[in-house]
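What follows is the content of structure-v5.txt, which has compact mmCIF, C-alpha atoms and all ligand atoms:
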```txt
# COMPACT_ATOMS: atom_id res chain seq x y z
CA MET A 1 105.47 70.39 142.31
CA ALA A 2 107.67 71.41 139.47
CA ASP A 3 108.60 75.03 139.74
CA PHE A 4 110.64 76.55 136.95
CA GLY A 5 112.89 79.56 136.95
CA SER A 6 113.75 81.65 133.93
CA LYS A 7 117.08 79.83 133.51
CA ASP A 8 115.46 76.38 133.56
CA ILE A 9 113.05 77.51 130.90
CA ALA A 10 115.80 79.00 128.77
CA ARG A 11 117.73 75.74 128.98
CA MET A 12 114.65 73.67 128.15
CA TYR A 13 113.90 75.96 125.23
CA THR A 14 117.41 75.59 123.84
CA GLU A 15 117.14 71.79 123.97
CA GLN A 16 113.66 71.72 122.51
CA ARG A 17 114.62 74.10 119.72
CA ALA A 18 117.48 71.86 118.64
CA ALA A 19 115.07 68.91 118.66
CA ALA A 20 112.47 70.85 116.69
CA ILE A 21 115.01 71.82 114.02
CA ALA A 22 116.22 68.24 113.71
CA GLU A 23 112.58 67.19 113.36
CA LEU A 24 112.16 69.56 110.38
CA GLY A 25 114.69 67.66 108.31
CA ARG A 26 116.21 69.24 105.25
CA TYR A 27 114.91 70.38 101.88
CA ASN A 28 117.41 70.14 99.02
CA LEU A 29 117.04 72.15 95.84
CA ALA A 30 119.25 72.21 92.75
CA VAL A 31 119.33 75.35 90.60
CA PHE A 32 120.55 75.26 87.01
CA GLY A 33 120.94 77.72 84.19
CA LYS A 34 123.61 79.87 82.55
CA THR A 35 125.60 82.42 84.49
CA GLY A 36 123.61 85.62 84.85
CA THR A 37 120.13 84.12 84.56
CA GLY A 38 119.52 85.23 88.16
CA LYS A 39 119.90 81.99 90.12
CA SER A 40 121.55 83.57 93.15
CA THR A 41 119.10 86.46 93.09
CA LEU A 42 116.15 84.07 93.00
CA ILE A 43 117.52 81.98 95.86
CA ASN A 44 118.15 85.05 97.96
CA ALA A 45 114.70 86.48 97.21
CA ILE A 46 112.92 83.33 98.38
CA PHE A 47 115.22 81.95 101.05
CA GLY A 48 116.81 85.11 102.37
CA MET A 49 120.32 86.44 102.10
CA ARG A 50 121.76 83.90 104.45
CA ILE A 51 122.15 81.19 101.86
CA ALA A 52 123.93 82.04 98.66
CA ALA A 53 125.52 85.28 99.82
CA THR A 54 127.57 83.59 102.48
CA GLY A 55 130.05 82.37 99.91
CA ASN A 56 130.94 79.34 101.98
CA GLY A 57 129.52 76.75 99.65
CA LYS A 58 131.23 73.39 99.28
CA PRO A 59 132.26 72.51 95.72
CA VAL A 60 130.56 69.20 94.93
CA THR A 61 131.86 68.76 91.42
CA THR A 62 132.96 71.00 88.56
CA GLY A 63 130.49 73.83 88.39
CA LEU A 64 128.31 72.65 91.24
CA VAL A 65 128.46 74.16 94.72
CA TYR A 66 126.42 73.06 97.72
CA TYR A 67 125.21 75.70 100.15
CA GLU A 68 123.73 74.86 103.48
CA HIS A 69 121.40 76.86 105.72
CA PRO A 70 123.02 77.53 109.12
CA ASP A 71 120.32 75.42 110.78
CA GLY A 72 120.71 72.64 108.23
CA ILE A 73 117.08 72.86 107.09
CA LEU A 74 117.90 73.80 103.49
CA GLY A 75 120.55 72.72 101.03
CA ILE A 76 121.08 74.33 97.64
CA TYR A 77 123.07 72.90 94.75
CA ASP A 78 123.99 76.01 92.81
CA SER A 79 125.23 75.48 89.29
CA GLN A 80 127.86 77.87 88.07
CA GLY A 81 126.62 78.08 84.53
CA PHE A 82 127.85 75.09 82.54
CA GLU A 83 124.71 73.41 81.52
CA THR A 84 125.21 72.94 77.82
CA GLY A 85 127.80 71.16 75.79
CA GLU A 86 130.59 69.01 77.16
CA ALA A 87 130.80 70.69 80.53
CA GLY A 88 127.10 70.05 80.97
CA ASP A 89 127.57 66.38 80.17
CA VAL A 90 130.27 66.06 82.82
CA VAL A 91 128.08 67.72 85.42
CA LEU A 92 125.10 65.57 84.51
CA GLU A 93 127.22 62.45 84.91
CA ARG A 94 128.41 63.57 88.31
CA LEU A 95 124.89 64.59 89.23
CA GLU A 96 123.63 61.20 88.18
CA GLN A 97 126.17 59.64 90.53
CA ILE A 98 125.08 61.94 93.37
CA VAL A 99 121.42 61.18 92.74
CA THR A 100 122.01 57.43 92.49
CA GLU A 101 124.00 57.39 95.72
CA SER A 102 121.42 59.56 97.46
CA ARG A 103 118.60 57.11 96.65
CA SER A 104 119.84 54.79 99.38
CA LYS A 105 120.28 57.68 101.81
CA PRO A 106 117.71 59.25 104.15
CA ILE A 107 115.19 61.59 102.53
CA ASN A 108 117.02 64.60 103.98
CA GLU A 109 119.98 63.90 101.71
CA GLN A 110 118.09 63.50 98.46
CA ILE A 111 117.60 66.24 95.87
CA HIS A 112 113.92 67.14 96.02
CA ALA A 113 113.57 69.39 92.98
CA ALA A 114 115.47 71.39 90.40
CA TRP A 115 114.74 74.85 89.09
CA TYR A 116 115.89 75.22 85.52
CA THR A 117 116.35 78.93 84.84
CA LEU A 118 116.40 80.71 81.51
CA ARG A 119 116.71 84.47 81.12
CA TRP A 120 113.88 85.69 78.91
CA SER A 121 116.13 88.19 77.14
CA ASP A 122 118.22 85.32 75.75
CA ARG A 123 115.12 84.87 73.62
CA ARG A 124 115.86 81.30 72.71
CA PHE A 125 115.82 77.82 74.09
CA GLU A 126 118.62 75.76 72.60
CA SER A 127 118.45 72.06 71.88
CA ALA A 128 121.34 71.41 74.29
CA GLN A 129 119.26 73.04 77.02
CA ASP A 130 116.28 70.92 76.01
CA GLN A 131 118.45 67.79 76.33
CA PHE A 132 119.76 68.89 79.72
CA VAL A 133 116.24 69.34 81.10
CA ARG A 134 115.14 65.93 79.82
CA ARG A 135 118.14 64.17 81.30
CA LEU A 136 117.67 65.96 84.60
CA ALA A 137 114.08 64.71 84.74
CA GLU A 138 115.23 61.20 83.83
CA LEU A 139 117.28 61.20 87.03
CA GLY A 140 113.95 61.35 88.83
CA ILE A 141 114.25 64.97 89.92
CA PRO A 142 111.13 67.12 89.43
CA VAL A 143 112.21 69.97 87.13
CA ILE A 144 110.48 73.33 87.48
CA PHE A 145 111.11 75.66 84.54
CA VAL A 146 111.68 79.32 85.39
CA LEU A 147 111.89 82.17 82.93
CA THR A 148 113.75 84.92 84.81
CA GLN A 149 113.96 88.72 84.78
CA VAL A 150 110.66 88.93 82.92
CA PRO A 151 109.45 92.53 82.45
CA MET A 152 105.91 93.37 83.49
CA ASN A 153 104.08 96.61 82.76
CA ALA A 154 101.87 98.71 85.03
CA LYS A 155 98.81 96.75 83.93
CA GLY A 156 100.42 93.55 85.18
CA GLU A 157 101.04 92.23 81.67
CA TYR A 158 104.17 90.25 80.82
CA HIS A 159 106.41 91.30 77.99
CA ALA A 160 104.84 89.71 74.92
CA ASP A 161 108.13 88.16 73.76
CA ALA A 162 108.67 86.52 77.16
CA LEU A 163 105.18 85.07 77.04
CA GLU A 164 105.81 83.80 73.54
CA LEU A 165 109.06 82.15 74.63
CA ALA A 166 107.25 80.52 77.57
CA ARG A 167 104.54 79.13 75.27
CA TYR A 168 107.23 77.88 72.88
CA ILE A 169 108.98 76.00 75.70
CA GLU A 170 105.68 74.55 76.88
CA ALA A 171 105.07 73.34 73.33
CA GLN A 172 108.23 71.20 73.56
CA ASN A 173 106.44 68.87 75.98
CA LEU A 174 109.34 68.66 78.37
CA PRO A 175 108.88 66.43 81.42
CA LEU A 176 108.28 69.42 83.70
CA SER A 177 106.83 69.54 87.21
CA PRO A 178 104.35 69.96 88.76
CA ALA A 179 102.77 70.44 85.31
CA ASN A 180 103.85 71.46 81.83
CA HIS A 181 104.14 75.09 82.83
CA VAL A 182 106.87 77.69 82.53
CA TYR A 183 107.00 80.04 85.54
CA LEU A 184 107.65 83.69 84.79
CA THR A 185 109.50 85.61 87.47
CA ASN A 186 111.26 88.81 88.34
CA ALA A 187 113.19 88.68 91.59
CA LEU A 188 114.45 92.25 91.82
CA ILE A 189 112.51 95.49 91.50
CA ASP A 190 113.53 97.07 88.25
CA ASP A 191 113.12 100.82 88.71
CA PHE A 192 114.12 101.68 85.18
CA HIS A 193 111.41 99.65 83.49
CA GLY A 194 109.06 99.75 86.45
CA THR A 195 108.88 95.97 86.70
CA PRO A 196 107.81 94.81 90.15
CA VAL A 197 108.94 91.62 91.82
CA HIS A 198 106.54 88.96 90.58
CA GLY A 199 106.03 85.24 90.20
CA LEU A 200 107.94 84.18 93.32
CA GLU A 201 104.88 82.91 95.23
CA GLN A 202 103.81 80.82 92.24
CA LEU A 203 107.30 79.35 91.91
CA LEU A 204 107.35 78.57 95.61
CA ASP A 205 103.88 76.99 95.46
CA ALA A 206 105.06 74.78 92.60
CA THR A 207 108.11 73.84 94.62
CA PHE A 208 105.89 72.86 97.54
CA GLU A 209 103.73 70.80 95.20
CA THR A 210 106.69 68.68 94.19
CA ALA A 211 108.12 68.37 97.72
CA PRO A 212 107.75 65.09 99.64
CA ALA A 213 105.56 65.46 102.73
CA ALA A 214 108.50 64.61 104.99
CA VAL A 215 110.42 67.76 104.01
CA GLN A 216 107.54 70.22 103.65
CA ASN A 217 108.08 71.64 107.12
CA ALA A 218 111.76 72.22 106.34
CA LEU A 219 110.79 74.07 103.16
CA THR A 220 108.18 76.04 105.10
CA ALA A 221 110.79 77.12 107.62
CA ALA A 222 113.48 77.92 105.06
CA GLN A 223 111.43 80.21 102.81
CA TYR A 224 110.72 83.82 103.72
CA ILE A 225 108.02 84.98 101.32
CA ASP A 226 104.99 82.98 102.37
CA LEU A 227 104.18 83.91 105.94
CA GLU A 228 100.71 82.39 105.66
CA ARG A 229 102.21 78.97 105.12
CA LYS A 230 104.33 79.33 108.26
CA LYS A 231 101.22 80.45 110.11
CA ARG A 232 99.14 77.47 109.00
CA ARG A 233 101.82 74.97 109.98
CA ALA A 234 102.39 76.73 113.30
CA ALA A 235 98.64 76.73 113.98
CA ALA A 236 98.69 72.94 113.56
CA VAL A 237 101.48 72.72 116.16
CA VAL A 238 99.43 74.84 118.57
CA LYS A 239 96.36 72.71 117.99
CA ALA A 240 98.27 69.53 118.77
CA ALA A 241 99.77 71.03 121.94
CA ALA A 242 96.35 72.30 123.04
CA GLY A 243 94.97 68.82 122.52
CA THR A 244 97.61 67.36 124.79
CA ALA A 245 96.98 70.10 127.35
CA LEU A 246 93.26 69.32 127.22
CA ALA A 247 93.94 65.66 127.93
CA THR A 248 96.38 66.53 130.70
CA GLY A 249 93.85 68.80 132.32
CA ALA A 250 90.93 66.39 131.93
CA THR A 251 91.89 65.26 135.37
CA PRO A 252 91.74 68.70 136.92
CA ILE A 253 95.23 69.90 137.75
CA PRO A 254 95.61 71.62 141.08
CA PHE A 255 96.92 75.13 140.49
CA SER A 256 100.12 74.34 142.20
CA ASP A 257 100.75 71.67 139.57
CA ALA A 258 99.89 73.68 136.49
CA ALA A 259 103.62 73.90 135.87
CA ILE A 260 103.43 70.38 134.47
CA LEU A 261 102.20 72.08 131.30
CA VAL A 262 105.39 74.07 130.97
CA PRO A 263 107.53 71.48 129.13
CA LEU A 264 104.69 70.94 126.67
CA GLN A 265 104.35 74.67 126.10
CA ILE A 266 108.06 75.16 125.65
CA GLY A 267 108.13 72.34 123.13
CA MET A 268 105.30 74.06 121.27
CA ILE A 269 107.09 77.41 121.30
CA ALA A 270 110.31 75.82 120.07
CA ARG A 271 108.48 74.13 117.17
CA ILE A 272 106.79 77.38 116.21
CA SER A 273 110.13 79.23 116.23
CA SER A 274 111.68 76.58 114.03
CA LEU A 275 108.83 76.81 111.49
CA TYR A 276 109.19 80.57 111.28
CA GLY A 277 112.90 80.10 110.65
CA ILE A 278 113.88 82.68 113.23
CA ALA A 279 117.56 83.48 112.77
CA THR A 280 118.05 85.08 116.17
CA PRO A 281 120.61 83.15 118.21
CA ALA A 282 118.91 80.47 120.29
CA SER A 283 120.38 81.87 123.52
CA GLN A 284 118.73 85.24 122.93
CA THR A 285 115.35 83.74 122.10
CA ALA A 286 115.69 81.37 125.04
CA SER A 287 116.08 84.21 127.50
CA LEU A 288 113.04 85.94 126.01
CA VAL A 289 110.97 82.76 126.32
CA GLY A 290 112.12 82.38 129.93
CA SER A 291 111.01 85.83 130.89
CA LEU A 292 107.72 85.53 128.97
CA MET A 293 106.73 82.28 130.58
CA LEU A 294 107.36 83.75 133.98
CA ALA A 295 105.57 86.99 133.20
CA SER A 296 102.52 85.20 131.80
CA GLY A 297 102.24 83.18 134.95
CA ALA A 298 102.51 79.92 133.09
CA THR A 299 105.14 78.49 135.37
CA THR A 300 103.24 78.73 138.58
CA ALA A 301 99.71 79.31 137.37
CA GLY A 302 99.62 81.41 140.44
CA ARG A 303 97.80 84.45 141.56
CA TRP A 304 98.23 86.26 138.31
CA ILE A 305 96.30 83.67 136.36
CA VAL A 306 93.62 83.33 138.96
CA SER A 307 92.97 87.02 139.22
CA SER A 308 93.50 87.99 135.60
CA LEU A 309 92.38 85.10 133.55
CA LEU A 310 89.96 82.67 135.06
CA ARG A 311 87.03 85.01 135.04
CA PHE A 312 87.43 85.37 131.27
CA VAL A 313 87.74 81.71 130.56
CA PRO A 314 84.88 80.18 128.57
CA GLY A 315 82.52 78.20 130.75
CA GLY A 316 82.43 80.78 133.48
CA GLN A 317 83.11 79.56 136.97
CA ILE A 318 86.10 77.32 137.41
CA PRO A 319 86.55 75.43 140.65
CA ALA A 320 88.93 77.59 142.57
CA MET A 321 91.44 74.87 143.21
CA ALA A 322 91.82 73.24 139.84
CA ILE A 323 92.80 74.03 136.29
CA SER A 324 90.46 72.19 134.00
CA GLY A 325 91.36 70.73 130.64
CA THR A 326 89.61 73.62 128.95
CA VAL A 327 91.68 76.17 130.81
CA ALA A 328 94.87 74.26 130.14
CA ALA A 329 94.04 74.14 126.43
CA THR A 330 93.03 77.81 126.29
CA LEU A 331 96.18 78.85 128.11
CA THR A 332 98.32 76.81 125.74
CA THR A 333 96.50 78.07 122.64
CA ALA A 334 96.76 81.71 123.71
CA MET A 335 100.43 81.24 124.42
CA GLY A 336 101.03 79.58 121.04
CA TYR A 337 99.28 82.30 119.05
CA ALA A 338 100.96 85.04 121.06
CA TRP A 339 104.31 83.46 120.26
CA MET A 340 103.38 83.25 116.57
CA THR A 341 102.80 87.01 116.66
CA VAL A 342 106.26 87.46 118.17
CA CYS A 343 107.86 85.30 115.47
CA GLU A 344 106.10 87.27 112.73
CA ARG A 345 107.32 90.52 114.24
CA ILE A 346 110.91 89.26 114.38
CA LEU A 347 110.73 88.19 110.74
CA THR A 348 109.06 91.29 109.33
CA GLU A 349 111.20 93.74 111.29
CA GLY A 350 114.38 91.75 110.99
CA SER A 351 115.40 92.86 114.45
CA PHE A 352 115.08 91.63 117.99
CA ASP A 353 114.03 94.11 120.66
CA GLU A 354 113.41 92.05 123.76
CA ALA A 355 111.36 94.66 125.64
CA ASN A 356 109.06 95.28 122.67
CA LEU A 357 108.59 91.60 121.97
CA LYS A 358 107.77 90.91 125.58
CA GLU A 359 105.14 93.61 125.59
CA LEU A 360 103.71 92.30 122.32
CA PHE A 361 103.52 88.77 123.67
CA LEU A 362 101.77 89.73 126.89
CA ARG A 363 99.30 91.97 125.10
CA GLU A 364 98.40 89.22 122.62
CA PHE A 365 98.28 86.57 125.31
CA GLN A 366 95.92 88.55 127.53
CA ARG A 367 93.74 89.63 124.64
CA ARG A 368 93.33 86.03 123.53
CA MET A 369 92.49 84.86 127.03
CA LYS A 370 89.89 87.59 127.36
CA PHE A 371 88.15 86.93 124.08
CA GLY A 372 87.66 83.34 125.03
CA ARG A 373 88.58 82.27 121.51
CA ALA A 374 92.30 81.95 121.97
CA ASP A 375 92.89 81.07 118.31
CA ALA A 376 90.78 83.88 116.84
CA ASP A 377 92.38 86.46 114.57
N1 LIG B 1 115.94 93.24 87.07
C1 LIG B 1 116.37 92.05 87.49
N2 LIG B 1 117.69 91.78 87.56
C2 LIG B 1 118.09 90.57 87.98
C3 LIG B 1 117.15 89.57 88.36
N3 LIG B 1 117.82 88.48 88.71
C4 LIG B 1 119.14 88.78 88.58
N4 LIG B 1 119.30 90.03 88.14
C5 LIG B 1 120.59 90.67 87.87
O1 LIG B 1 121.28 89.85 86.96
C6 LIG B 1 122.63 89.70 87.33
C7 LIG B 1 122.99 88.22 87.56
O2 LIG B 1 122.25 87.72 88.65
P1 LIG B 1 122.74 86.48 89.51
O3 LIG B 1 121.69 86.18 90.49
O4 LIG B 1 124.12 86.69 90.03
O5 LIG B 1 122.80 85.35 88.40
P2 LIG B 1 123.41 83.86 88.50
O6 LIG B 1 124.73 83.91 87.81
O7 LIG B 1 122.46 83.02 87.74
O8 LIG B 1 123.50 83.47 89.93
C8 LIG B 1 122.82 90.55 88.56
O9 LIG B 1 123.32 91.80 88.19
C9 LIG B 1 121.43 90.69 89.12
O10 LIG B 1 121.29 91.89 89.82
C10 LIG B 1 115.76 89.88 88.26
O11 LIG B 1 114.87 89.06 88.56
N5 LIG B 1 115.43 91.13 87.82
MG MG B 2 125.08 82.77 91.09
```

Final structure tokens representation of the file:
Amino acid sequence: MADFGSKDIARMYTEQRAAAIAELGRYNLAVFGKTGTGKSTLINAIFGMRIAATGNGKPVTTGLVYYEHPDGILGIYDSQGFETGEAGDVVLERLEQIVTESRSKPINEQIHAAWYTLRWSDRRFESAQDQFVRRLAELGIPVIFVLTQVPMNAKGEYHADALELARYIEAQNLPLSPANHVYLTNALIDDFHGTPVHGLEQLLDATFETAPAAVQNALTAAQYIDLERKKRRAAAVVKAAAGTALATGATPIPFSDAAILVPLQIGMIARISSLYGIATPASQTASLVGSLMLASGATTAGRWIVSSLLRFVPGGQIPAMAISGTVAATLTTAMGYAWMTVCERILTEGSFDEANLKELFLREFQRRMKFGRADAD
């Protein structure tokens, strides 16, 4: 029988997490527009401060810097405000080279979309900018047009001039993605005018719409404003793991061998963590996972499970000596959802309190086992 200690689990988690992150691949976004349109602010608002604020971008060409997420799941080409005139032509030529070269490279190294930003208060859209957008689209990059720093009143109405500018741009019939639509955003709360943050979800949804399926999980993990999307993808991971557990347990597993589910469950937990984009050092999370798996009885499926859980398991009486497929699946599902709760807590609180997280996990895990619908809300 396989019997795991906390250290074994921590080590397995660390390995599985690295594999899960590699599996995510990388989403690459290019962001264009004049200096001061709010490119960095927009990137930080959607992807968190870890990207553009780090200041360790690699210059790719004049005016174009490449930033990489510490886990490698996101790359950002940040333009330094050149896009019109001669300087713009030079950058477009270089970009064309990059794009052409990247076509023969793996999908993780291609540019998946561009945001073209214009500050509404510039109040005009110049023909050089129009040309830049068209040439960008000709390179085969989906271009999403973003009007930035757009004021909104208490009734949720956009500034009329911003709306007019957006309609004017849409009337130019630019080759925009995912549709001929200009996205209106404000990425920072503006206390003076009372403008809330707005439009970021819509911009992110549009970005997802243009993203190849192979890099959607990377984009899901890298963004921080759509928790529901993380949740849905994580739920799919749990469902797959529960399916495997069900099959494993179809031949009833003697209790003493329930630990054969542990690698599967750790793989599931690692994938969930990677989708949530948890920034906590892997070693810290690994030690938490180790102690949780032990505390929840998953490693031995021993007395604790028998006494605490089996009587709540759907289907009633379980043969005393075997874990059925149903129990294996329920156990795995409860564990997956409990871990999702932990990931959400880490993200929303931005801190990592091991004792609190452990308590949260065990509470959620037990509650889900008791309700008999381990994936219920
Ligand atoms: N109110 C408001 N200010 C913004 C917004 N985006 C950027 N800013 C401000 O505009 C200035 C330029 O922003 P930055 O992101 O550095 O622009 P970049 O040069 O395009 O990267 C900064 O002072 C930001 O605080 C926004 O959405 N709303
Ligand atoms: Mg900037």

- Contacts of Leu74 of chain A at 6 Å (all atoms listed in the file; same-chain gap of 6+ positions) as JSON, numbers by chain: {"A": [26, 27, 28, 68]}

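Counting from atom CA of Asp190 of chain A, the distance to atom CA of Leu118 of chain A is 17.9 Å.
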
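Here atom CA of Thr148 of chain A and atom CA of Gly199 of chain A stand 9.4 Å from one another.
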
Give me, as CSV, each residue of chain A that comes within 10 Å of ligand MG 2 (chain B), together with its shortest interatomic pair and the distance in Å at one decimal, counting only C-alpha atoms and all ligand atoms, with rows ordered by chain and rising residue number.
```
residue,atom,partner,partner_atom,distance
A:Val31,CA,B:MG2,MG,9.4
A:Phe32,CA,B:MG2,MG,9.7
A:Gly33,CA,B:MG2,MG,9.5
A:Lys34,CA,B:MG2,MG,9.1
A:Thr35,CA,B:MG2,MG,6.6
A:Gly36,CA,B:MG2,MG,7.0
A:Thr37,CA,B:MG2,MG,8.3
A:Gly38,CA,B:MG2,MG,6.7
A:Lys39,CA,B:MG2,MG,5.3
A:Ser40,CA,B:MG2,MG,4.2
A:Thr41,CA,B:MG2,MG,7.3
A:Leu42,CA,B:MG2,MG,9.2
A:Ile43,CA,B:MG2,MG,9.0
A:Ala52,CA,B:MG2,MG,7.7
A:Ala53,CA,B:MG2,MG,9.1
A:Val65,CA,B:MG2,MG,9.9
A:Asp78,CA,B:MG2,MG,7.1
A:Ser79,CA,B:MG2,MG,7.5
A:Gln80,CA,B:MG2,MG,6.4
A:Gly81,CA,B:MG2,MG,8.2
```

Only C-alpha atoms, please: the residues just picked out, written as an mmCIF file, in the coordinates of the input.
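Okay, this is what ended up in out01.cif:
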```cif
data_model
loop_
_atom_site.group_PDB
_atom_site.id
_atom_site.type_symbol
_atom_site.label_atom_id
_atom_site.label_comp_id
_atom_site.auth_asym_id
_atom_site.auth_seq_id
_atom_site.Cartn_x
_atom_site.Cartn_y
_atom_site.Cartn_z
ATOM 1 C CA VAL A 31 119.330 75.350 90.600
ATOM 2 C CA PHE A 32 120.550 75.260 87.010
ATOM 3 C CA GLY A 33 120.940 77.720 84.190
ATOM 4 C CA LYS A 34 123.610 79.870 82.550
ATOM 5 C CA THR A 35 125.600 82.420 84.490
ATOM 6 C CA GLY A 36 123.610 85.620 84.850
ATOM 7 C CA THR A 37 120.130 84.120 84.560
ATOM 8 C CA GLY A 38 119.520 85.230 88.160
ATOM 9 C CA LYS A 39 119.900 81.990 90.120
ATOM 10 C CA SER A 40 121.550 83.570 93.150
ATOM 11 C CA THR A 41 119.100 86.460 93.090
ATOM 12 C CA LEU A 42 116.150 84.070 93.000
ATOM 13 C CA ILE A 43 117.520 81.980 95.860
ATOM 14 C CA ALA A 52 123.930 82.040 98.660
ATOM 15 C CA ALA A 53 125.520 85.280 99.820
ATOM 16 C CA VAL A 65 128.460 74.160 94.720
ATOM 17 C CA ASP A 78 123.990 76.010 92.810
ATOM 18 C CA SER A 79 125.230 75.480 89.290
ATOM 19 C CA GLN A 80 127.860 77.870 88.070
ATOM 20 C CA GLY A 81 126.620 78.080 84.530
#
```

- Task: Determine, counting all atoms listed in the file, which protein, DNA and RNA residues have an atom within 10 Å of an atom of Val289 of chain A; residues of the same chain fewer than 6 positions away are not included. Present the result as JSON, numbers by chain.
- Result: {"A": [6, 7, 9, 10, 12, 13, 14, 266, 269, 270, 283, 295, 339, 354, 358, 361]}

Each side padded by 5 Å, which centre and which edge lengths in Å (one decimal) define the axis-aligned box around the listed atoms of ligand LIG 1 (chain B)? Give them as AutoDock Vina command-line options.
```
--center_x 119.8 --center_y 88.1 --center_z 88.7 --size_x 19.9 --size_y 20.2 --size_z 13.5
```

- Give me, please, the distance in Å between atom CA of Tyr183 of chain A and atom CA of His159 of chain A, quoted to one decimal. 13.6 Å

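Comparing the minimum interatomic distances between Ala374 of chain A and each of A:Arg345, A:Arg103, A:Lys239, A:Arg271, counting all atoms listed in the file, we find that A:Lys239 sits nearest.
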
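The protein and nucleic acid residues lying at most 12 Å from Phe192 of chain A are Pro151, Met152 and Asn153 of chain A, with all atoms listed in the file considered and sequence neighbours fewer than 5 positions away removed.
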
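Taking all atoms listed in the file, the non-local environment of Leu227 of chain A within 12 Å (same-chain residues fewer than 2 positions away omitted) comprises Ile46, Glu201, Thr220, Ala221, Ala222, Gln223, Tyr224, Ile225, Arg229, Lys230, Lys231, Arg232, Arg233, Ala234, Leu275, Tyr276, Gly277, Met340, Thr341, Cys343, Glu344, Arg345, Leu347 and Thr348 of chain A.
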
- Query: So, counting all atoms listed in the file, which residue among A:Gly5, A:Pro178, A:Gly243, A:Pro142 is closest to Leu331 of chain A?
  - Reply: A:Gly243

- So, counting only C-alpha atoms and all ligand atoms, which residue among A:Leu95, A:Leu163, A:Val146, A:Leu139 is closest to ligand LIG 1 (chain B)? A:Val146

- Nearest to ligand LIG 1 (chain B): which of A:Gly290, A:Gly25, A:Gly267, A:Gly63 is it, counting all atoms listed in the file? A:Gly63

- Query: A:Ala113, A:Ala154, A:Ala179, A:Ala259: which is nearest Thr332 of chain A, counting all atoms listed in the file?
  - Reply: A:Ala259

- Find the residues around Pro175 of chain A up to 12 Å (only C-alpha atoms counted), leave out those fewer than 5 positions away in its own chain, and share them as a PyMOL selection string. chain A and resi 116+130-145+169-170+180-182

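The residue that comes closest to ligand LIG 1 (chain B), out of A:Asp375, A:Asp191, A:Glu359, A:Glu126 and on the basis of all atoms listed in the file, is A:Asp191.
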